[in-house]
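One structure is given here, and the rest of the page talks about it.
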Amino acid sequence: MTMLQKIEINRSVNNPLITPKDVKPTFPDWEVLGVFNAGVAEYEGEVLLLLRVAECPRQTDPRYVLVPVVDVNRQTRGAEPAVEIVRVDREDPSFDFSDPRVIRDQQGTTVYLTSISHFRVARSRDGLNFTIDETPSVWPEDPLERWGIEDPRITQLGDQYHITYSAVSERGVAVGRLTTTDFVAFNREGLILAPTNKDVTLFPAAIDGKYYMLHRPVPEGLGLPEIWVAESPDLEHWGNHRFLMGLREGKWDGARIGAGCVPIQTEAGWLILYHGADQTHRYCMGAALLDLNDPGRVIARMEEPLMVPEAEYETSGFFHSVIFACGAIVKGEQVIMYYGASDDSMACASFRLPQLLEALQPLS
């Protein structure tokens, strides 16, 4: 247990809940590198995690990196996953291999991802012990998903669950939407935001007849990676994009921020649990409050992070010092937040909602 700003953070004694060894690879000669950043939902008495599973072919030749991409010429909707393998020479001086997640050119432009991600359902009666489907629930199919699908967020509206996610390809990172009513059949609703954008989460209720989203444009020139808000009459057409919340120089969220969990409705306002990174690429979770009737207005924001990487599974791993949450469940006064740890495993922690609301600092 740790305490920040008088908020008791209780990490589960079961952490990490799910690790790569718990997930069956899609292909026999592949390996799972990470299972993390899962969307969270409650369905028929179970806690469901829609896991992001990152995998790649086993690297058997020390000279070459085997990079998987969707074979768009063979992949057809609903068919068995089709991939092609690109061999990238480690001795080629035009490539930068310093980041294990990506291969870049000497100008810093990403040329390939080193793994491909899909979504897979994990189910639990107690929220701690999960049974994981043995095959992908959603596999990347579209040419704009050629490098994978990532970081789902699940919002329930009525009997339907809406899943926003990052669609990744050489064209950039776009935002797609899936719907399901049973977490068995998933319907593709198309892209809702063009590249480059990510970290989209939908509000779980309409406000004055309009739906709202949080999103994070990724500027290539002017501007910074910060949180914006947009609205829609139908969940398909989005407009009235407005800047919502920015970076704080020199602080834990001074390099980039983005929406994390689906907003939680409280009497005090819409509670958003968001991720922030500093200049050393340490990812923490923070909190802010938005006006109930106008989600485009921030009314309170924590100065210090809600949760920082401290446990061994958070400070070491595929990409160390990362806490990245995509969903939470509220049980009375308790918030149970599920998060990716070090880009390779799933964990959860809980805290009391009244303590968090008390710690939020009203903006002047």
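Just remember, in the structure tokens the first chain shown is A, the second B, etc., residues are 1-based per chain, and ligands are 1-based in the order shown.
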
- Query: Which parts of stretch 89-184 of chain A does DSSP call strand (DSSP E) when run on the backbone here, written out as an MDAnalysis selection string?
  - Reply: chainID A and resid 89 95:96 102:105 110:113 116:124 131:132 148:157 160:169 172:180

I'd like the contact shell of A:Arg188 - 7 Å cut-off, only C-alpha atoms, skipping same-chain residues fewer than 3 positions apart - returned as a short mmCIF file (atom, residue, chain, number, x, y, z; two decimals) with C-alpha atoms, in the first residue's frame.
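Result file is out_21.cif:
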data_model
loop_
_atom_site.label_atom_id
_atom_site.label_comp_id
_atom_site.auth_asym_id
_atom_site.auth_seq_id
_atom_site.Cartn_x
_atom_site.Cartn_y
_atom_site.Cartn_z
CA ARG A 177 -14.63 2.20 -33.13
CA LEU A 178 -16.02 -1.29 -32.52
CA THR A 179 -19.36 -2.27 -31.02
#

- The distance between atom CA of A:Tyr211 and atom CA of A:Thr196 is 21.6 Å

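The shortest atom-to-atom distance to A:Arg242, with only C-alpha atoms taken into account, belongs to A:Arg216 out of A:Arg301, A:Arg216, A:Arg63, A:His162.
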
- Task: May I have the residues within 10 Å of A:Asp343 as a list in words, using only C-alpha atoms and disregarding those fewer than 6 positions away in the same chain?
- Result: Leu33, Gly34, Val35, Phe36, Asn37, Arg52, Ala54, Arg101, Tyr313, Glu314, Ser316, Gly317, Phe318, Phe319, His320, Ser321, Val322, Ile323 and Phe324 of chain A

- Rank nothing, just name the residue among A:Asn10, A:Gln156, A:Thr280, A:Gln361 nearest to A:Ala300, using only C-alpha atoms.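 Among A:Asn10, A:Gln156, A:Thr280, A:Gln361, it is A:Gln361 that comes nearest to A:Ala300.
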
- Message: Excluding A:Met285 and its own-chain neighbours fewer than 2 positions away, which residues fall within 8 Å of it when counting only C-alpha atoms? Please give them as a PyMOL selection string.
- Response: chain A and resi 273-276+283+287+305-308+323-325

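Counting only C-alpha atoms and comparing A:Tyr338, A:Trp238, A:Tyr161, A:Trp147, the residue that lies closest to A:Glu84 is A:Trp147.
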
- Task: Write out as a PyMOL selection string the residues lying within 12 Å of A:Ile299, counting only C-alpha atoms and excluding same-chain residues fewer than 2 positions away.
- Result: chain A and resi 244-245+268-272+287-297+301-302+357+360-364

Just the residues within 8 Å of A:Ile257, please, counting only C-alpha atoms, with nothing from its chain fewer than 2 positions along; format it as a PDB file with all heavy atoms, in the first residue's frame.
ATOM      1  N   ARG A 216      -6.540  12.839 -28.023  1.00  0.00           N
ATOM      2  CA  ARG A 216      -5.208  13.415 -27.903  1.00  0.00           C
ATOM      3  C   ARG A 216      -4.566  13.533 -29.285  1.00  0.00           C
ATOM      4  O   ARG A 216      -3.925  12.597 -29.772  1.00  0.00           O
ATOM      5  CB  ARG A 216      -4.354  12.531 -26.996  1.00  0.00           C
ATOM      6  CG  ARG A 216      -3.242  13.240 -26.220  1.00  0.00           C
ATOM      7  CD  ARG A 216      -1.995  13.526 -27.022  1.00  0.00           C
ATOM      8  NE  ARG A 216      -1.308  12.322 -27.473  1.00  0.00           N
ATOM      9  CZ  ARG A 216      -0.518  11.567 -26.697  1.00  0.00           C
ATOM     10  NH1 ARG A 216      -0.345  11.849 -25.429  1.00  0.00           N
ATOM     11  NH2 ARG A 216       0.094  10.518 -27.219  1.00  0.00           N
ATOM     12  N   PRO A 225       1.361  17.291 -27.246  1.00  0.00           N
ATOM     13  CA  PRO A 225       0.458  16.153 -27.042  1.00  0.00           C
ATOM     14  C   PRO A 225      -0.380  16.333 -25.778  1.00  0.00           C
ATOM     15  O   PRO A 225       0.013  15.925 -24.683  1.00  0.00           O
ATOM     16  CB  PRO A 225       1.422  14.962 -26.937  1.00  0.00           C
ATOM     17  CG  PRO A 225       2.699  15.551 -26.451  1.00  0.00           C
ATOM     18  CD  PRO A 225       2.773  16.936 -26.997  1.00  0.00           C
ATOM     19  N   GLU A 226      -1.556  16.940 -25.931  1.00  0.00           N
ATOM     20  CA  GLU A 226      -2.408  17.301 -24.809  1.00  0.00           C
ATOM     21  C   GLU A 226      -3.840  16.819 -25.057  1.00  0.00           C
ATOM     22  O   GLU A 226      -4.162  16.322 -26.135  1.00  0.00           O
ATOM     23  CB  GLU A 226      -2.359  18.817 -24.604  1.00  0.00           C
ATOM     24  CG  GLU A 226      -0.939  19.309 -24.319  1.00  0.00           C
ATOM     25  CD  GLU A 226      -0.796  20.820 -24.281  1.00  0.00           C
ATOM     26  OE1 GLU A 226      -1.283  21.487 -25.214  1.00  0.00           O
ATOM     27  OE2 GLU A 226      -0.189  21.324 -23.317  1.00  0.00           O
ATOM     28  N   ILE A 227      -4.713  16.972 -24.066  1.00  0.00           N
ATOM     29  CA  ILE A 227      -6.055  16.404 -24.133  1.00  0.00           C
ATOM     30  C   ILE A 227      -7.051  17.410 -24.683  1.00  0.00           C
ATOM     31  O   ILE A 227      -7.102  18.560 -24.238  1.00  0.00           O
ATOM     32  CB  ILE A 227      -6.513  15.911 -22.743  1.00  0.00           C
ATOM     33  CG1 ILE A 227      -5.552  14.841 -22.217  1.00  0.00           C
ATOM     34  CG2 ILE A 227      -7.939  15.356 -22.802  1.00  0.00           C
ATOM     35  CD1 ILE A 227      -5.875  14.363 -20.809  1.00  0.00           C
ATOM     36  N   GLY A 246      -3.727  20.808 -20.551  1.00  0.00           N
ATOM     37  CA  GLY A 246      -2.392  20.818 -21.121  1.00  0.00           C
ATOM     38  C   GLY A 246      -1.306  20.261 -20.217  1.00  0.00           C
ATOM     39  O   GLY A 246      -1.551  19.810 -19.096  1.00  0.00           O
ATOM     40  N   LEU A 247      -0.091  20.293 -20.743  1.00  0.00           N
ATOM     41  CA  LEU A 247       1.088  19.847 -20.013  1.00  0.00           C
ATOM     42  C   LEU A 247       1.459  20.853 -18.930  1.00  0.00           C
ATOM     43  O   LEU A 247       1.100  22.024 -18.999  1.00  0.00           O
ATOM     44  CB  LEU A 247       2.260  19.667 -20.973  1.00  0.00           C
ATOM     45  CG  LEU A 247       2.053  18.756 -22.181  1.00  0.00           C
ATOM     46  CD1 LEU A 247       3.328  18.693 -23.010  1.00  0.00           C
ATOM     47  CD2 LEU A 247       1.623  17.373 -21.745  1.00  0.00           C
ATOM     48  N   ASP A 253       3.688  15.313 -15.423  1.00  0.00           N
ATOM     49  CA  ASP A 253       2.938  15.267 -16.679  1.00  0.00           C
ATOM     50  C   ASP A 253       3.379  16.382 -17.623  1.00  0.00           C
ATOM     51  O   ASP A 253       2.577  17.004 -18.296  1.00  0.00           O
ATOM     52  CB  ASP A 253       1.433  15.344 -16.414  1.00  0.00           C
ATOM     53  CG  ASP A 253       1.033  16.526 -15.514  1.00  0.00           C
ATOM     54  OD1 ASP A 253       1.930  17.307 -15.112  1.00  0.00           O
ATOM     55  OD2 ASP A 253      -0.164  16.664 -15.214  1.00  0.00           O
ATOM     56  N   GLY A 254       4.702  16.587 -17.682  1.00  0.00           N
ATOM     57  CA  GLY A 254       5.235  17.697 -18.452  1.00  0.00           C
ATOM     58  C   GLY A 254       5.612  17.380 -19.886  1.00  0.00           C
ATOM     59  O   GLY A 254       5.904  18.293 -20.666  1.00  0.00           O
ATOM     60  N   ALA A 255       5.625  16.088 -20.272  1.00  0.00           N
ATOM     61  CA  ALA A 255       6.051  15.724 -21.627  1.00  0.00           C
ATOM     62  C   ALA A 255       4.877  15.350 -22.520  1.00  0.00           C
ATOM     63  O   ALA A 255       4.825  15.723 -23.688  1.00  0.00           O
ATOM     64  CB  ALA A 255       7.064  14.579 -21.591  1.00  0.00           C
ATOM     65  N   ALA A 259      -5.962  10.730 -22.238  1.00  0.00           N
ATOM     66  CA  ALA A 259      -7.051  10.121 -21.482  1.00  0.00           C
ATOM     67  C   ALA A 259      -6.709   8.676 -21.152  1.00  0.00           C
ATOM     68  O   ALA A 259      -6.102   7.971 -21.957  1.00  0.00           O
ATOM     69  CB  ALA A 259      -8.350  10.200 -22.281  1.00  0.00           C
ATOM     70  N   TYR A 274      -6.182  10.060 -15.922  1.00  0.00           N
ATOM     71  CA  TYR A 274      -5.398  10.219 -17.145  1.00  0.00           C
ATOM     72  C   TYR A 274      -3.935   9.873 -16.896  1.00  0.00           C
ATOM     73  O   TYR A 274      -3.458   9.867 -15.766  1.00  0.00           O
ATOM     74  CB  TYR A 274      -5.526  11.648 -17.678  1.00  0.00           C
ATOM     75  CG  TYR A 274      -4.807  12.716 -16.868  1.00  0.00           C
ATOM     76  CD1 TYR A 274      -3.530  13.144 -17.223  1.00  0.00           C
ATOM     77  CD2 TYR A 274      -5.404  13.306 -15.757  1.00  0.00           C
ATOM     78  CE1 TYR A 274      -2.867  14.121 -16.497  1.00  0.00           C
ATOM     79  CE2 TYR A 274      -4.754  14.282 -15.022  1.00  0.00           C
ATOM     80  CZ  TYR A 274      -3.482  14.684 -15.393  1.00  0.00           C
ATOM     81  OH  TYR A 274      -2.817  15.638 -14.668  1.00  0.00           O
ATOM     82  N   HIS A 275      -3.238   9.532 -17.990  1.00  0.00           N
ATOM     83  CA  HIS A 275      -1.811   9.222 -17.862  1.00  0.00           C
ATOM     84  C   HIS A 275      -0.983  10.451 -18.249  1.00  0.00           C
ATOM     85  O   HIS A 275      -1.383  11.261 -19.078  1.00  0.00           O
ATOM     86  CB  HIS A 275      -1.409   8.021 -18.716  1.00  0.00           C
ATOM     87  CG  HIS A 275      -1.575   8.230 -20.192  1.00  0.00           C
ATOM     88  ND1 HIS A 275      -2.691   7.809 -20.888  1.00  0.00           N
ATOM     89  CD2 HIS A 275      -0.769   8.819 -21.114  1.00  0.00           C
ATOM     90  CE1 HIS A 275      -2.564   8.126 -22.161  1.00  0.00           C
ATOM     91  NE2 HIS A 275      -1.401   8.734 -22.325  1.00  0.00           N
ATOM     92  N   GLY A 276       0.153  10.544 -17.616  1.00  0.00           N
ATOM     93  CA  GLY A 276       1.093  11.609 -17.945  1.00  0.00           C
ATOM     94  C   GLY A 276       2.504  11.061 -17.923  1.00  0.00           C
ATOM     95  O   GLY A 276       2.812  10.135 -17.159  1.00  0.00           O
ATOM     96  N   ALA A 277       3.352  11.604 -18.769  1.00  0.00           N
ATOM     97  CA  ALA A 277       4.752  11.189 -18.815  1.00  0.00           C
ATOM     98  C   ALA A 277       5.645  12.416 -18.662  1.00  0.00           C
ATOM     99  O   ALA A 277       5.279  13.528 -19.072  1.00  0.00           O
ATOM    100  CB  ALA A 277       5.065  10.479 -20.125  1.00  0.00           C
TER     101      ALA A 277
END

- Task: List the neighbours of A:Glu80 out to 12 Å using only C-alpha atoms; skip same-chain residues closer than 2 positions along the sequence, and give me the result as a list in words.
- Result: Thr26, Phe27, Val70, Asp71, Arg74, Gln75, Thr76, Arg77, Gly78, Ala82, Val83, Thr135, Pro136, Ser137, Val138, Trp139, Pro140 and Glu141 of chain A

- Item | Selected residue of minimal separation from A:Ser232 among A:Asp208, A:Pro219, A:Pro309, A:Gly258, counting only C-alpha atoms | A:Asp208

- Query: Could you work out how far atom CA of A:Ile336 lies from atom CA of A:Phe351, giving the answer in Å with one decimal?
  - Reply: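 Atom CA of A:Ile336 lies 6.9 Å from atom CA of A:Phe351.
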